[in-house]
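Text of work28.csv, listed as CSV, C-alpha atoms:
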chain,number,residue,atom,x,y,z
A,939,MET,CA,99.7,134.5,92.1
A,940,ALA,CA,98.5,137.8,93.6
A,941,ARG,CA,95.9,136.6,96.2
A,942,GLY,CA,97.4,135.4,99.5
A,943,GLY,CA,100.9,136.4,98.5
A,944,ALA,CA,101.3,138.7,101.6
A,945,ALA,CA,100.3,135.9,103.9
A,946,LEU,CA,102.7,133.5,102.2
A,947,GLN,CA,105.4,136.1,102.5
A,948,ARG,CA,104.8,136.6,106.1
A,949,GLY,CA,105.0,132.9,106.7
A,950,ALA,CA,108.1,132.7,104.7
A,951,GLU,CA,109.7,135.5,106.7
A,952,ARG,CA,109.1,133.5,109.8
A,953,ARG,CA,110.4,130.4,108.3
A,954,ARG,CA,113.5,131.9,106.9
A,955,TYR,CA,115.0,131.8,110.4
A,956,ALA,CA,113.5,128.5,111.4
A,957,PHE,CA,115.0,126.6,108.4
A,958,GLY,CA,118.5,127.3,109.7
A,959,MET,CA,120.1,127.3,106.2
A,960,GLU,CA,123.7,126.1,106.5
A,961,ALA,CA,126.7,127.2,104.4
A,962,LEU,CA,126.3,126.3,100.8
A,963,ASP,CA,129.1,124.3,99.1
A,964,ALA,CA,130.1,125.1,95.6
A,965,SER,CA,128.6,122.0,94.0
A,966,ALA,CA,125.2,122.7,95.6
A,967,ALA,CA,125.3,126.2,94.1
A,968,GLU,CA,125.8,124.7,90.7
A,969,ALA,CA,123.2,122.0,91.1
A,970,PRO,CA,120.5,121.9,88.4
A,971,GLU,CA,117.8,123.1,90.8
A,972,ALA,CA,120.0,126.1,91.9
A,973,LEU,CA,120.5,127.2,88.3
A,974,VAL,CA,116.8,126.9,87.5
A,975,ALA,CA,115.9,128.7,90.7
A,976,ARG,CA,118.2,131.6,89.7
A,977,ARG,CA,116.4,131.9,86.3
A,978,ILE,CA,113.0,132.1,88.0
A,979,ALA,CA,114.2,134.7,90.5
A,980,ALA,CA,115.8,136.8,87.7
A,981,ALA,CA,112.7,136.8,85.5
A,982,ALA,CA,109.6,138.9,86.0
A,983,PRO,CA,107.1,137.2,88.3
A,984,GLY,CA,105.4,134.3,86.3
A,985,ALA,CA,107.5,135.0,83.2
A,986,ALA,CA,109.8,131.9,83.5
A,987,ARG,CA,107.2,129.2,83.1
A,988,ASP,CA,109.6,126.7,81.6
A,989,ALA,CA,112.0,127.2,84.4
A,990,GLU,CA,109.2,126.7,87.0
A,991,ALA,CA,108.1,123.5,85.3
A,992,GLU,CA,111.7,122.3,85.3
A,993,LEU,CA,112.0,123.2,89.0
A,994,TYR,CA,108.9,121.3,89.7
A,995,ARG,CA,110.2,118.3,87.8
A,996,LEU,CA,113.4,118.3,89.8
A,997,LEU,CA,112.1,119.0,93.3
A,998,ALA,CA,108.6,117.7,93.5
A,999,PRO,CA,109.6,114.0,93.6
A,1000,ARG,CA,112.0,114.8,96.4
A,1001,ALA,CA,109.3,116.5,98.4
A,1002,ARG,CA,107.0,113.6,97.7
A,1003,ARG,CA,109.5,111.1,99.1
A,1004,TYR,CA,109.9,113.2,102.2
A,1005,GLY,CA,106.1,113.2,102.6
A,1006,MET,CA,105.9,109.4,102.1
A,1007,ARG,CA,108.4,108.8,104.8
A,1008,HIS,CA,107.1,111.3,107.3
A,1009,LEU,CA,103.3,111.1,106.6
A,1010,ARG,CA,103.0,107.5,105.5
A,1011,ASP,CA,100.2,108.3,103.2
A,1012,GLY,CA,100.3,108.7,99.4
A,1013,ASP,CA,97.5,111.4,99.3
A,1014,ALA,CA,99.0,113.4,102.2
A,1015,ALA,CA,102.5,113.2,100.6
A,1016,ALA,CA,101.0,114.5,97.3
A,1017,ASP,CA,99.4,117.4,99.2
A,1018,LEU,CA,102.6,118.2,100.9
A,1019,MET,CA,104.5,118.1,97.6
A,1020,GLN,CA,102.0,120.5,96.0
A,1021,HIS,CA,102.0,122.8,98.9
A,1022,VAL,CA,105.7,123.0,99.2
A,1023,MET,CA,106.2,123.5,95.4
A,1024,ALA,CA,103.6,126.3,95.3
A,1025,LEU,CA,105.3,128.0,98.3
A,1026,THR,CA,108.7,127.6,96.7
A,1027,ILE,CA,107.7,129.1,93.4
A,1028,GLU,CA,105.8,131.9,95.0
A,1029,GLN,CA,108.9,132.7,97.1
A,1030,LEU,CA,111.2,132.7,94.0
A,1031,ARG,CA,108.8,134.8,92.0
A,1032,SER,CA,108.4,137.4,94.6
A,1033,GLY,CA,112.1,137.6,95.4
A,1034,ALA,CA,111.5,136.6,99.1
A,1035,LEU,CA,113.9,133.7,98.6
A,1036,ARG,CA,116.9,136.0,98.4
A,1037,GLU,CA,119.4,133.2,97.7
A,1038,PRO,CA,117.7,131.1,95.1
A,1039,GLU,CA,120.7,128.7,94.9
A,1040,ARG,CA,119.6,127.5,98.4
A,1041,VAL,CA,116.3,126.3,96.9
A,1042,ALA,CA,116.9,122.7,98.0
A,1043,SER,CA,117.4,123.8,101.6
A,1044,PHE,CA,114.3,125.9,101.4
A,1045,VAL,CA,112.2,123.0,100.1
A,1046,LEU,CA,113.5,120.7,102.9
A,1047,GLY,CA,112.7,123.3,105.5
A,1048,ALA,CA,109.3,123.8,104.0
A,1049,CYS,CA,108.7,120.1,104.1
A,1050,ARG,CA,109.8,119.9,107.8
A,1051,MET,CA,107.7,122.8,108.9
A,1052,THR,CA,104.7,121.6,107.0
A,1053,VAL,CA,104.8,118.2,108.6
A,1054,ILE,CA,105.4,119.6,112.0
A,1055,GLU,CA,102.5,122.0,111.6
A,1056,GLN,CA,100.4,119.6,109.7
A,1057,ARG,CA,97.3,119.7,111.8
A,1058,ARG,CA,97.5,123.4,112.3
A,1059,LEU,CA,98.0,124.1,108.6
A,1060,GLU,CA,95.3,121.7,107.4
A,1061,ARG,CA,92.9,124.4,106.6
A,1062,ARG,CA,95.6,126.8,105.3
A,1063,ARG,CA,97.0,124.2,102.9
A,1064,GLY,CA,93.6,123.5,101.5
A,1065,ASP,CA,93.2,127.3,101.0
A,1066,LEU,CA,96.6,127.6,99.3
A,1067,LEU,CA,95.9,124.7,96.9
A,1068,GLU,CA,92.5,126.2,96.1
A,1069,ARG,CA,94.1,129.5,95.3
A,1070,TYR,CA,97.1,128.3,93.4
A,1071,ALA,CA,96.1,124.9,92.0
A,1072,ASN,CA,95.3,126.4,88.6
A,1073,ASP,CA,98.5,128.5,88.6
A,1074,LEU,CA,100.9,125.7,89.4
A,1075,PRO,CA,103.2,124.7,86.5
A,1076,ILE,CA,102.7,121.0,87.1
A,1077,ALA,CA,105.0,118.8,85.1
A,1078,ASP,CA,105.0,115.0,84.8
A,1079,ILE,CA,107.2,113.5,87.5
A,1080,HIS,CA,108.7,110.1,87.6
A,1081,VAL,CA,107.1,107.7,90.0
A,1082,ALA,CA,108.5,104.2,90.2
A,1083,PRO,CA,106.2,101.8,88.3
A,1084,ARG,CA,104.3,99.1,90.3
A,1085,LEU,CA,105.9,95.7,90.3
A,1086,ASP,CA,104.1,92.6,89.1
A,1087,HIS,CA,103.3,91.1,92.4
A,1088,ARG,CA,103.2,87.6,90.9
A,1089,ARG,CA,106.8,88.0,89.9
A,1090,VAL,CA,107.6,89.3,93.4
A,1091,ALA,CA,105.8,86.2,94.9
A,1092,ASP,CA,107.8,83.9,92.6
A,1093,CYS,CA,111.0,85.5,93.8
A,1094,LEU,CA,109.9,85.3,97.5
A,1095,ASP,CA,109.3,81.6,97.0
A,1096,ARG,CA,112.9,81.1,96.2
A,1097,LEU,CA,114.2,82.6,99.4
A,1098,PRO,CA,115.1,80.7,102.5
A,1099,GLU,CA,112.3,80.5,105.1
A,1100,ARG,CA,113.8,83.0,107.5
A,1101,GLU,CA,114.4,85.6,104.8
A,1102,ARG,CA,110.9,85.3,103.4
A,1103,SER,CA,109.3,85.5,106.8
A,1104,VAL,CA,111.3,88.5,107.9
A,1105,LEU,CA,110.6,90.3,104.6
A,1106,VAL,CA,106.9,89.6,104.8
A,1107,MET,CA,106.7,90.7,108.4
A,1108,THR,CA,108.8,93.8,107.7
A,1109,PHE,CA,107.1,95.1,104.6
A,1110,TYR,CA,103.5,94.2,105.4
A,1111,ASP,CA,103.3,97.2,107.7
A,1112,ASP,CA,106.8,98.6,107.5
A,1113,ALA,CA,107.8,97.2,110.9
A,1114,PRO,CA,111.3,98.1,112.2
A,1115,ALA,CA,113.7,95.3,113.1
A,1116,ASP,CA,113.2,95.6,116.9
A,1117,ALA,CA,109.5,95.2,116.6
A,1118,ILE,CA,109.9,91.9,114.8
A,1119,ALA,CA,112.9,90.6,116.6
A,1120,GLY,CA,111.3,89.5,119.9
A,1121,GLU,CA,108.4,88.0,118.0
A,1122,ILE,CA,110.5,85.3,116.3
A,1123,GLY,CA,113.2,84.8,118.9
A,1124,LEU,CA,116.0,86.8,117.2
A,1125,SER,CA,117.9,89.9,118.1
A,1126,ALA,CA,117.2,93.1,116.1
A,1127,GLY,CA,120.7,92.8,114.7
A,1128,ASN,CA,120.0,89.3,113.4
A,1129,VAL,CA,116.7,90.5,111.9
A,1130,ARG,CA,118.7,93.3,110.0
A,1131,VAL,CA,121.2,90.8,108.7
A,1132,ILE,CA,118.5,88.4,107.5
A,1133,ARG,CA,116.5,91.3,106.0
A,1134,HIS,CA,119.5,92.6,104.2
A,1135,ARG,CA,120.4,89.2,102.7
A,1136,GLY,CA,116.8,88.6,101.7
A,1137,LEU,CA,116.3,92.0,100.2
A,1138,ASP,CA,119.5,91.7,98.2
A,1139,LYS,CA,118.4,88.4,96.7
A,1140,LEU,CA,114.9,89.6,96.1
A,1141,ARG,CA,116.1,92.8,94.3
A,1142,ARG,CA,118.4,90.8,92.1
A,1143,CYS,CA,115.7,88.3,91.3
A,1144,VAL,CA,113.0,90.9,90.6
A,1145,ASP,CA,115.3,93.1,88.6
A,1146,GLY,CA,117.0,90.5,86.6
A,1147,GLY,CA,114.8,87.5,86.6
A,1148,ALA,CA,117.9,85.7,87.9
A,1149,ARG,CA,117.5,82.6,90.0
A,1150,VAL,CA,117.9,83.2,93.7
A,1151,THR,CA,120.1,80.8,95.5
A,1152,SER,CA,120.3,80.4,99.3
B,1475,MET,CA,125.5,110.1,109.7
B,1476,SER,CA,126.8,106.8,111.2
B,1477,ALA,CA,126.5,104.8,108.0
B,1478,THR,CA,129.3,104.9,105.6
B,1479,MET,CA,128.4,106.7,102.3
B,1480,VAL,CA,129.6,105.0,99.1
B,1481,ALA,CA,130.7,107.4,96.4
B,1482,GLY,CA,128.6,110.2,97.8
B,1483,HIS,CA,125.4,108.0,97.9
B,1484,LEU,CA,123.7,106.4,100.8
B,1485,PRO,CA,123.8,102.6,101.3
B,1486,ILE,CA,120.5,100.9,100.8
B,1487,GLU,CA,120.6,99.7,104.4
B,1488,THR,CA,120.6,103.3,105.5
B,1489,LEU,CA,117.7,104.1,103.2
B,1490,LEU,CA,115.8,101.1,104.5
B,1491,ALA,CA,116.5,102.0,108.1
B,1492,TRP,CA,115.3,105.6,107.4
B,1493,TRP,CA,112.1,104.3,105.7
B,1494,LEU,CA,111.4,101.9,108.6
B,1495,HIS,CA,111.9,104.7,111.2
B,1496,GLU,CA,114.9,102.9,112.7
B,1497,THR,CA,117.2,105.9,112.4
B,1498,ASP,CA,117.6,108.4,115.3
B,1499,ALA,CA,116.7,112.0,114.9
B,1500,ALA,CA,120.1,113.1,113.7
B,1501,ASP,CA,120.4,110.4,111.1
B,1502,THR,CA,116.8,111.0,110.0
B,1503,ASP,CA,117.6,114.7,109.4
B,1504,ALA,CA,120.8,113.8,107.5
B,1505,VAL,CA,118.9,111.4,105.2
B,1506,ASP,CA,116.1,113.9,104.7
B,1507,GLU,CA,118.7,116.5,103.7
B,1508,HIS,CA,120.6,114.1,101.4
B,1509,LEU,CA,117.4,113.0,99.6
B,1510,LEU,CA,116.5,116.6,98.9
B,1511,ARG,CA,119.6,116.9,96.9
B,1512,CYS,CA,120.3,113.4,95.4
B,1513,ASP,CA,118.0,111.9,92.8
B,1514,ALA,CA,120.1,108.8,92.5
B,1515,CYS,CA,119.4,107.9,96.1
B,1516,GLY,CA,115.8,109.0,95.7
B,1517,GLU,CA,115.4,106.6,92.8
B,1518,THR,CA,117.0,103.8,94.9
B,1519,LEU,CA,114.5,104.6,97.6
B,1520,ASP,CA,111.6,104.5,95.1
B,1521,ALA,CA,112.7,101.1,93.9
B,1522,LEU,CA,113.0,99.9,97.5
B,1523,VAL,CA,109.5,101.2,98.4
B,1524,GLY,CA,108.2,99.6,95.2
B,1525,LEU,CA,109.6,96.3,96.2
B,1526,ALA,CA,108.0,96.6,99.6
B,1527,ASP,CA,104.7,97.4,97.9
B,1528,GLY,CA,105.2,94.3,95.8
B,1529,VAL,CA,105.9,92.1,98.8
B,1530,ARG,CA,102.8,93.5,100.5
B,1531,ALA,CA,100.6,92.9,97.4
B,1532,ALA,CA,101.9,89.4,96.9
B,1533,PHE,CA,101.2,88.5,100.5
B,1534,LYS,CA,97.7,90.1,100.5
B,1535,ALA,CA,96.9,88.1,97.3
B,1536,GLY,CA,97.7,84.9,99.2
B,1537,LEU,CA,100.6,84.1,96.8
B,1538,VAL,CA,103.2,83.8,99.6
B,1539,GLY,CA,103.5,81.4,102.4
B,1540,ALA,CA,105.4,82.2,105.6
B,1541,ILE,CA,106.1,81.4,109.2
B,1542,ALA,CA,105.0,84.4,111.3
B,1543,SER,CA,104.4,85.5,114.9
B,1544,GLY,CA,101.3,85.8,117.0
B,1545,ASP,CA,101.9,89.5,117.2
B,1546,PHE,CA,102.0,89.8,113.4
B,1547,ILE,CA,98.7,88.0,113.1
B,1548,ALA,CA,97.2,90.3,115.7
B,1549,ARG,CA,98.4,93.3,113.7
B,1550,LEU,CA,96.7,91.9,110.6
B,1551,ALA,CA,93.5,91.3,112.5
B,1552,SER,CA,93.5,94.8,114.0
B,1553,ARG,CA,93.7,96.2,110.5
B,1554,GLY,CA,90.5,94.5,109.7
B,1555,HIS,CA,91.8,91.4,107.9
B,1556,ARG,CA,89.5,88.4,108.0
B,1557,VAL,CA,91.8,85.8,109.5
B,1558,ARG,CA,90.7,82.1,109.7
B,1559,GLU,CA,92.7,80.4,112.4
B,1560,TYR,CA,93.1,76.7,113.3
B,1561,ARG,CA,94.8,75.6,116.5
B,1562,LEU,CA,96.2,72.1,116.5
B,1563,PRO,CA,97.6,70.4,119.6
B,1564,CYS,CA,100.8,68.4,119.2
B,1565,ASN,CA,100.0,65.4,116.9
B,1566,GLY,CA,96.5,66.7,116.3
B,1567,GLY,CA,94.3,67.0,113.3
B,1568,VAL,CA,91.5,69.3,112.1
B,1569,ASP,CA,88.8,69.5,109.5
B,1570,CYS,CA,89.3,72.8,107.7
B,1571,THR,CA,88.1,75.0,104.9
B,1572,VAL,CA,88.4,78.5,103.5
B,1573,ALA,CA,85.3,80.8,103.4
B,1574,PRO,CA,84.8,83.1,100.4
B,1575,ASP,CA,85.5,86.2,102.5
B,1576,ASP,CA,88.5,84.9,104.4
B,1577,GLU,CA,91.7,86.7,103.6
B,1578,LEU,CA,94.3,84.8,105.5
B,1579,LEU,CA,94.7,81.3,106.9
B,1580,VAL,CA,96.8,80.6,110.0
B,1581,ALA,CA,97.6,77.3,111.6
B,1582,HIS,CA,98.8,77.3,115.2
B,1583,LEU,CA,101.0,74.2,115.5
B,1584,GLU,CA,101.5,73.6,119.3
B,1585,THR,CA,104.7,72.0,120.3
B,1586,PRO,CA,107.4,72.5,123.0
B,1587,LEU,CA,110.3,74.5,121.5
B,1588,GLN,CA,112.5,75.3,124.5
B,1589,ASP,CA,115.4,73.0,123.6
B,1590,VAL,CA,115.1,73.4,119.9
B,1591,ASP,CA,118.1,74.9,118.1
B,1592,ARG,CA,117.0,74.6,114.5
B,1593,LEU,CA,113.4,73.9,113.3
B,1594,ASP,CA,112.4,72.4,110.0
B,1595,ALA,CA,108.9,71.7,108.7
B,1596,VAL,CA,108.0,69.0,106.2
B,1597,VAL,CA,104.7,69.3,104.3
B,1598,THR,CA,103.1,66.5,102.3
B,1599,LEU,CA,99.8,66.6,100.3
B,1600,SER,CA,97.5,63.6,99.7
B,1601,PHE,CA,97.3,64.3,96.0
B,1602,ALA,CA,101.1,64.2,95.7
B,1603,PRO,CA,102.2,61.8,98.5
B,1604,ASP,CA,105.6,61.2,97.1
B,1605,VAL,CA,106.6,64.9,97.1
B,1606,GLN,CA,107.9,66.4,100.4
B,1607,HIS,CA,108.1,70.2,100.7
B,1608,ARG,CA,110.8,70.9,103.3
B,1609,LEU,CA,110.9,74.3,105.0
B,1610,GLU,CA,114.3,74.6,106.5
B,1611,ASP,CA,115.4,76.6,109.5
B,1612,VAL,CA,112.1,78.3,110.0
B,1613,PRO,CA,111.9,81.2,112.5
B,1614,PHE,CA,110.3,80.6,115.9
B,1615,ASP,CA,110.0,82.0,119.4
B,1616,ALA,CA,111.0,79.3,121.8
B,1617,GLN,CA,108.8,80.8,124.5
B,1618,ALA,CA,105.7,80.7,122.4
B,1619,GLY,CA,105.1,77.0,122.4
B,1620,GLU,CA,103.7,77.0,118.9
B,1621,VAL,CA,104.7,77.6,115.3
B,1622,LEU,CA,102.4,79.8,113.2
B,1623,TRP,CA,102.2,78.6,109.6
B,1624,LEU,CA,100.6,80.7,107.0
B,1625,PRO,CA,100.2,78.6,103.9
B,1626,LYS,CA,99.7,80.0,100.4
B,1627,PHE,CA,96.2,81.1,100.8
B,1628,ASP,CA,95.4,81.4,97.1
B,1629,LEU,CA,96.5,77.8,96.6
B,1630,ILE,CA,94.4,76.5,99.4
B,1631,ARG,CA,91.3,78.5,98.4
B,1632,ASN,CA,91.3,76.8,95.0
B,1633,ALA,CA,92.4,73.4,96.1
B,1634,PRO,CA,90.1,70.3,95.9
B,1635,ALA,CA,89.4,68.2,99.0
B,1636,HIS,CA,92.7,66.8,100.2
B,1637,THR,CA,94.8,66.1,103.3
B,1638,ALA,CA,97.9,68.0,104.2
B,1639,GLU,CA,100.3,66.7,106.8
B,1640,VAL,CA,102.9,69.0,108.5
B,1641,THR,CA,105.7,67.5,110.5
B,1642,LEU,CA,107.9,69.7,112.7
B,1643,LEU,CA,111.5,68.5,113.2
B,1644,SER,CA,114.1,69.7,115.7
B,1645,VAL,CA,117.4,69.5,113.8
B,1646,ASP,CA,120.8,69.3,115.5
B,1647,ALA,CA,124.2,68.4,114.3
B,1648,ASP,CA,123.5,64.7,114.4
B,1649,ALA,CA,120.0,64.1,113.4
B,1650,ALA,CA,116.4,65.4,113.1
B,1651,HIS,CA,113.9,64.6,115.8
B,1652,GLU,CA,110.2,64.7,115.2
B,1653,LEU,CA,108.4,67.2,117.5
B,1654,GLY,CA,104.9,66.8,116.2
B,1655,ARG,CA,102.7,65.8,113.3
B,1656,TYR,CA,99.6,67.8,112.3
B,1657,THR,CA,96.9,66.8,109.9
B,1658,PHE,CA,94.7,69.2,107.9
B,1659,ARG,CA,91.6,67.6,106.3
B,1660,HIS,CA,90.6,70.3,103.8
B,1661,GLN,CA,87.2,70.6,102.1
B,1662,PRO,CA,86.4,73.3,99.6
B,1663,TRP,CA,83.8,75.8,100.9
B,1664,PRO,CA,80.3,74.4,100.0
B,1665,GLY,CA,79.2,75.9,96.7
B,1666,GLY,CA,82.4,77.8,96.5

Could I get this structure in the form of C-alpha cells?
Amino acid sequence: MARGGAALQRGAERRRYAFGMEALDASAAEAPEALVARRIAAAAPGAARDAEAELYRLLAPRARRYGMRHLRDGDAAADLMQHVMALTIEQLRSGALREPERVASFVLGACRMTVIEQRRLERRRGDLLERYANDLPIADIHVAPRLDHRRVADCLDRLPERERSVLVMTFYDDAPADAIAGEIGLSAGNVRVIRHRGLDKLRRCVDGGARVTS
Amino acid sequence: MSATMVAGHLPIETLLAWWLHETDAADTDAVDEHLLRCDACGETLDALVGLADGVRAAFKAGLVGAIASGDFIARLASRGHRVREYRLPCNGGVDCTVAPDDELLVAHLETPLQDVDRLDAVVTLSFAPDVQHRLEDVPFDAQAGEVLWLPKFDLIRNAPAHTAEVTLLSVDADAAHELGRYTFRHQPWPGG
C-alpha cells in the first residue's frame, strides 16, 4: 500500500478533527474490533493479514448498512464499504490512527465524510479502489439471505387489509409514515401503529411459519 | 435518542424509523453510531430490510392484492411501471383484460365516502359464486371519492374468462349499507 499513501494520510489528518471522536468507554476499548485494530497497528505494515481480514469481517457489514441507509443503492453502499475499509486499514498500518481502539468511531466518521463528499470524491474513490483493490484483505461477510417472496406473499395474505396495504405502500419505495398518512385518510401516528402491528405479525409468520391472526 | 433502548439494543421501531428517514438529524446520528458498534442491531436491521425486499418482490410479482392511494399509483407509474387502470362509476361495469406487458392492474371504484366510518369490500367470482371474499376495514381517503383496488395481478393474468363483482359496504355499529356495486367482465388477452 505504498502508492497514494501520502494523499490518504493528508486526508486522514484533515478528517481526524472533523470526526470529533468522543470519549471512549471501557467496553468500547475492549470490543473485538478495538482489539483487532491494536494488533494491526502493533504489527509491521501489512504483516497482520489475519487481523486485517478479521477487522474487515467485523466492520465491513456495518459500513455497508450505513451506505444502504444513506445512499439507498446496493452498489454505492458496496463502494462506500470498500473505500472506508481500505482507508481504515491504511490508517492502522501507517500508524496515522493513533488510538486504534477508536476504530469504530473512525469508520463511522469515514462513512459520514464519504457520503457528504460523495460527488466530490467520486473520482478519488475510484482511484483508491483501483490502487488498493488487489491489496484489500477481503473476507466473506454475512449478508442476510433473500426471503422467498411467495412465502412473504402468503403471510401478507393473512394480514388485515389495513396492515397489508400500509406495509405494501411503505416498503414498495420505503415511504415514511407521513407520506402515506394523508393518502389513505390516517394520521402519521396511526400509520406507524398499523405498520408496527403488521410488521410484527409478518415477521412472526415469515420466521416461524406460524399462522397470523388479526 | 428519544426511543427507549432495550437491554442496550435499539427497538425495531427505531431501526425502521431510521431506515425510512423518519428520524431527525440527532436520532439519525445516534442510530448511525449505535449500528457501527452493535452487530445484534445490525442483524435485526438486515432482517428488517430483507423483509421489506420480500414485500416489494411479492408485490411486484403480482402475488399480493391491496387497497392503495392515487399517489401511490402515480409513484409506481413514475418509476416506469406499466399500469393498466379501469375507472368504474358507482354501480358501473367494464370489459377488462390484462396485456402481456402489463405489470399492475388498478380499479378505481368511484363512490361518495364522506360519511363513511368503516369500509368493507366483498368480492365474488363467477366461477365460484357461493364464495364471498370479504375485505374488512379497508383504508380509504374520504375526500378522494374513490377506492383504489389492486387485485392479485398474477391471479388475474392467468384466469379464464369470468366476471368479478365488487360490492363496497359502509359499516357502522348497526348495519352495513351498500355504497356501490362494480362488475368486471374479464377476458384473457387474445392469444395470451

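With all atoms listed in the file as the atoms that count, the residue of B:Val1605, B:Val1645, B:Leu1653, B:Leu1525 with the shortest distance to Asp1112 of chain A is B:Leu1525.
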
Sorted by chain and rising residue number, which residues of chain B lie within 9 Å of chain A, and what are their closest atom pairs and distances in Å to one decimal, counting only C-alpha atoms, as a Markdown table?
| residue | atom | partner | partner_atom | distance |
| --- | --- | --- | --- | --- |
| B:Glu1487 | CA | A:His1134 | CA | 7.2 |
| B:Ala1491 | CA | A:Pro1114 | CA | 7.7 |
| B:Trp1492 | CA | A:Arg1007 | CA | 8.0 |
| B:Trp1493 | CA | A:Arg1007 | CA | 5.9 |
| B:Leu1494 | CA | A:Pro1114 | CA | 5.2 |
| B:His1495 | CA | A:Pro1114 | CA | 6.7 |
| B:Glu1496 | CA | A:Pro1114 | CA | 6.0 |
| B:Asp1506 | CA | A:Tyr1004 | CA | 6.7 |
| B:Glu1507 | CA | A:Leu1046 | CA | 6.7 |
| B:Leu1509 | CA | A:Arg1000 | CA | 6.5 |
| B:Leu1510 | CA | A:Arg1000 | CA | 5.5 |
| B:Arg1511 | CA | A:Ala1042 | CA | 6.5 |
| B:Cys1512 | CA | A:Arg1000 | CA | 8.5 |
| B:Asp1513 | CA | A:Arg1000 | CA | 7.6 |
| B:Gly1516 | CA | A:Arg1000 | CA | 7.0 |
| B:Glu1517 | CA | A:Ala1082 | CA | 7.8 |
| B:Leu1519 | CA | A:Arg1003 | CA | 8.3 |
| B:Asp1520 | CA | A:Ala1082 | CA | 5.8 |
| B:Ala1521 | CA | A:Ala1082 | CA | 6.4 |
| B:Leu1522 | CA | A:Arg1141 | CA | 8.4 |
| B:Val1523 | CA | A:Ala1082 | CA | 8.8 |
| B:Gly1524 | CA | A:Arg1084 | CA | 6.3 |
| B:Leu1525 | CA | A:Leu1085 | CA | 7.0 |
| B:Ala1526 | CA | A:Phe1109 | CA | 5.3 |
| B:Asp1527 | CA | A:Phe1109 | CA | 7.5 |
| B:Gly1528 | CA | A:His1087 | CA | 5.0 |
| B:Val1529 | CA | A:Val1090 | CA | 6.3 |
| B:Arg1530 | CA | A:Tyr1110 | CA | 5.0 |
| B:Ala1531 | CA | A:His1087 | CA | 6.0 |
| B:Ala1532 | CA | A:His1087 | CA | 5.0 |
| B:Phe1533 | CA | A:Val1106 | CA | 7.2 |
| B:Lys1534 | CA | A:Tyr1110 | CA | 8.6 |
| B:Ala1535 | CA | A:His1087 | CA | 8.6 |
| B:Leu1537 | CA | A:Ala1091 | CA | 5.9 |
| B:Val1538 | CA | A:Ala1091 | CA | 5.9 |
| B:Gly1539 | CA | A:Asp1095 | CA | 7.9 |
| B:Ala1540 | CA | A:Ser1103 | CA | 5.2 |
| B:Ile1541 | CA | A:Ser1103 | CA | 5.7 |
| B:Ala1542 | CA | A:Ser1103 | CA | 6.3 |
| B:Ser1543 | CA | A:Glu1121 | CA | 5.6 |
| B:Gly1544 | CA | A:Glu1121 | CA | 7.5 |
| B:Asp1545 | CA | A:Glu1121 | CA | 6.7 |
| B:Phe1546 | CA | A:Met1107 | CA | 6.9 |
| B:Arg1549 | CA | A:Asp1111 | CA | 8.7 |
| B:Leu1550 | CA | A:Tyr1110 | CA | 8.9 |
| B:Leu1609 | CA | A:Glu1099 | CA | 6.4 |
| B:Glu1610 | CA | A:Glu1099 | CA | 6.4 |
| B:Asp1611 | CA | A:Glu1099 | CA | 6.6 |
| B:Val1612 | CA | A:Glu1099 | CA | 5.4 |
| B:Pro1613 | CA | A:Arg1100 | CA | 5.6 |
| B:Phe1614 | CA | A:Ile1122 | CA | 4.7 |
| B:Asp1615 | CA | A:Gly1123 | CA | 4.3 |
| B:Ala1616 | CA | A:Gly1123 | CA | 6.6 |
| B:Gln1617 | CA | A:Gly1123 | CA | 8.2 |
| B:Ala1618 | CA | A:Glu1121 | CA | 8.9 |

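Separating atom CA of Glu1577 of chain B from atom CA of His1660 of chain B is a distance of 16.4 Å.
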
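Atom CA of Val1597 of chain B is found 4.6 Å from atom CA of Val1640 of chain B.
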
Atom CA of Ala1014 of chain A to atom CA of Met1051 of chain A, distance in Å rounded to a single decimal
14.5 Å

If you count all atoms listed in the file, which residues fall within 7 Å of segment 1560-1565 of chain B, apart from same-chain ones fewer than 3 positions away, as an MDAnalysis selection string?
chainID B and resid 1580:1585 1654:1656

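Distance check against Leu1593 of chain B using only C-alpha atoms: of B:Cys1515, B:Ala1504, B:Leu1578, B:Ala1649, the minimum falls on B:Ala1649.
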
So that I can see what lies close to Arg1031 of chain A, please list as a list in words the residues with an atom at most 12 Å from it, counting only C-alpha atoms and leaving out residues fewer than 4 positions away in the same chain.
Met939, Ala940, Gly943, Leu946, Gln947, Ala975, Arg976, Arg977, Ile978, Ala979, Ala980, Ala981, Ala982, Pro983, Gly984, Ala985, Ala986, Arg987, Ala989, Glu990, Ala1024, Leu1025, Thr1026, Ile1027, Leu1035, Arg1036 and Pro1038 of chain A

Atoms to include: C-alpha atoms. Write the selected residues as a compact mmCIF listing (two decimals), in the frame of the given file.
# COMPACT_ATOMS: atom_id res chain seq x y z
CA MET A 939 99.70 134.50 92.10
CA ALA A 940 98.50 137.80 93.60
CA GLY A 943 100.90 136.40 98.50
CA LEU A 946 102.70 133.50 102.20
CA GLN A 947 105.40 136.10 102.50
CA ALA A 975 115.90 128.70 90.70
CA ARG A 976 118.20 131.60 89.70
CA ARG A 977 116.40 131.90 86.30
CA ILE A 978 113.00 132.10 88.00
CA ALA A 979 114.20 134.70 90.50
CA ALA A 980 115.80 136.80 87.70
CA ALA A 981 112.70 136.80 85.50
CA ALA A 982 109.60 138.90 86.00
CA PRO A 983 107.10 137.20 88.30
CA GLY A 984 105.40 134.30 86.30
CA ALA A 985 107.50 135.00 83.20
CA ALA A 986 109.80 131.90 83.50
CA ARG A 987 107.20 129.20 83.10
CA ALA A 989 112.00 127.20 84.40
CA GLU A 990 109.20 126.70 87.00
CA ALA A 1024 103.60 126.30 95.30
CA LEU A 1025 105.30 128.00 98.30
CA THR A 1026 108.70 127.60 96.70
CA ILE A 1027 107.70 129.10 93.40
CA LEU A 1035 113.90 133.70 98.60
CA ARG A 1036 116.90 136.00 98.40
CA PRO A 1038 117.70 131.10 95.10

What residues have an atom no more than 7 Å from (90.4, 70.6, 101.5) in the file's own frame, counting all atoms listed in the file, and can you write them as a PyMOL selection string?
chain B and resi 1570-1571+1633-1637+1659-1662

Best match for closeness to Leu1009 of chain A among A:Ala1126, A:Val1053, A:Ala972, A:Ile1132, counting all atoms listed in the file
A:Val1053
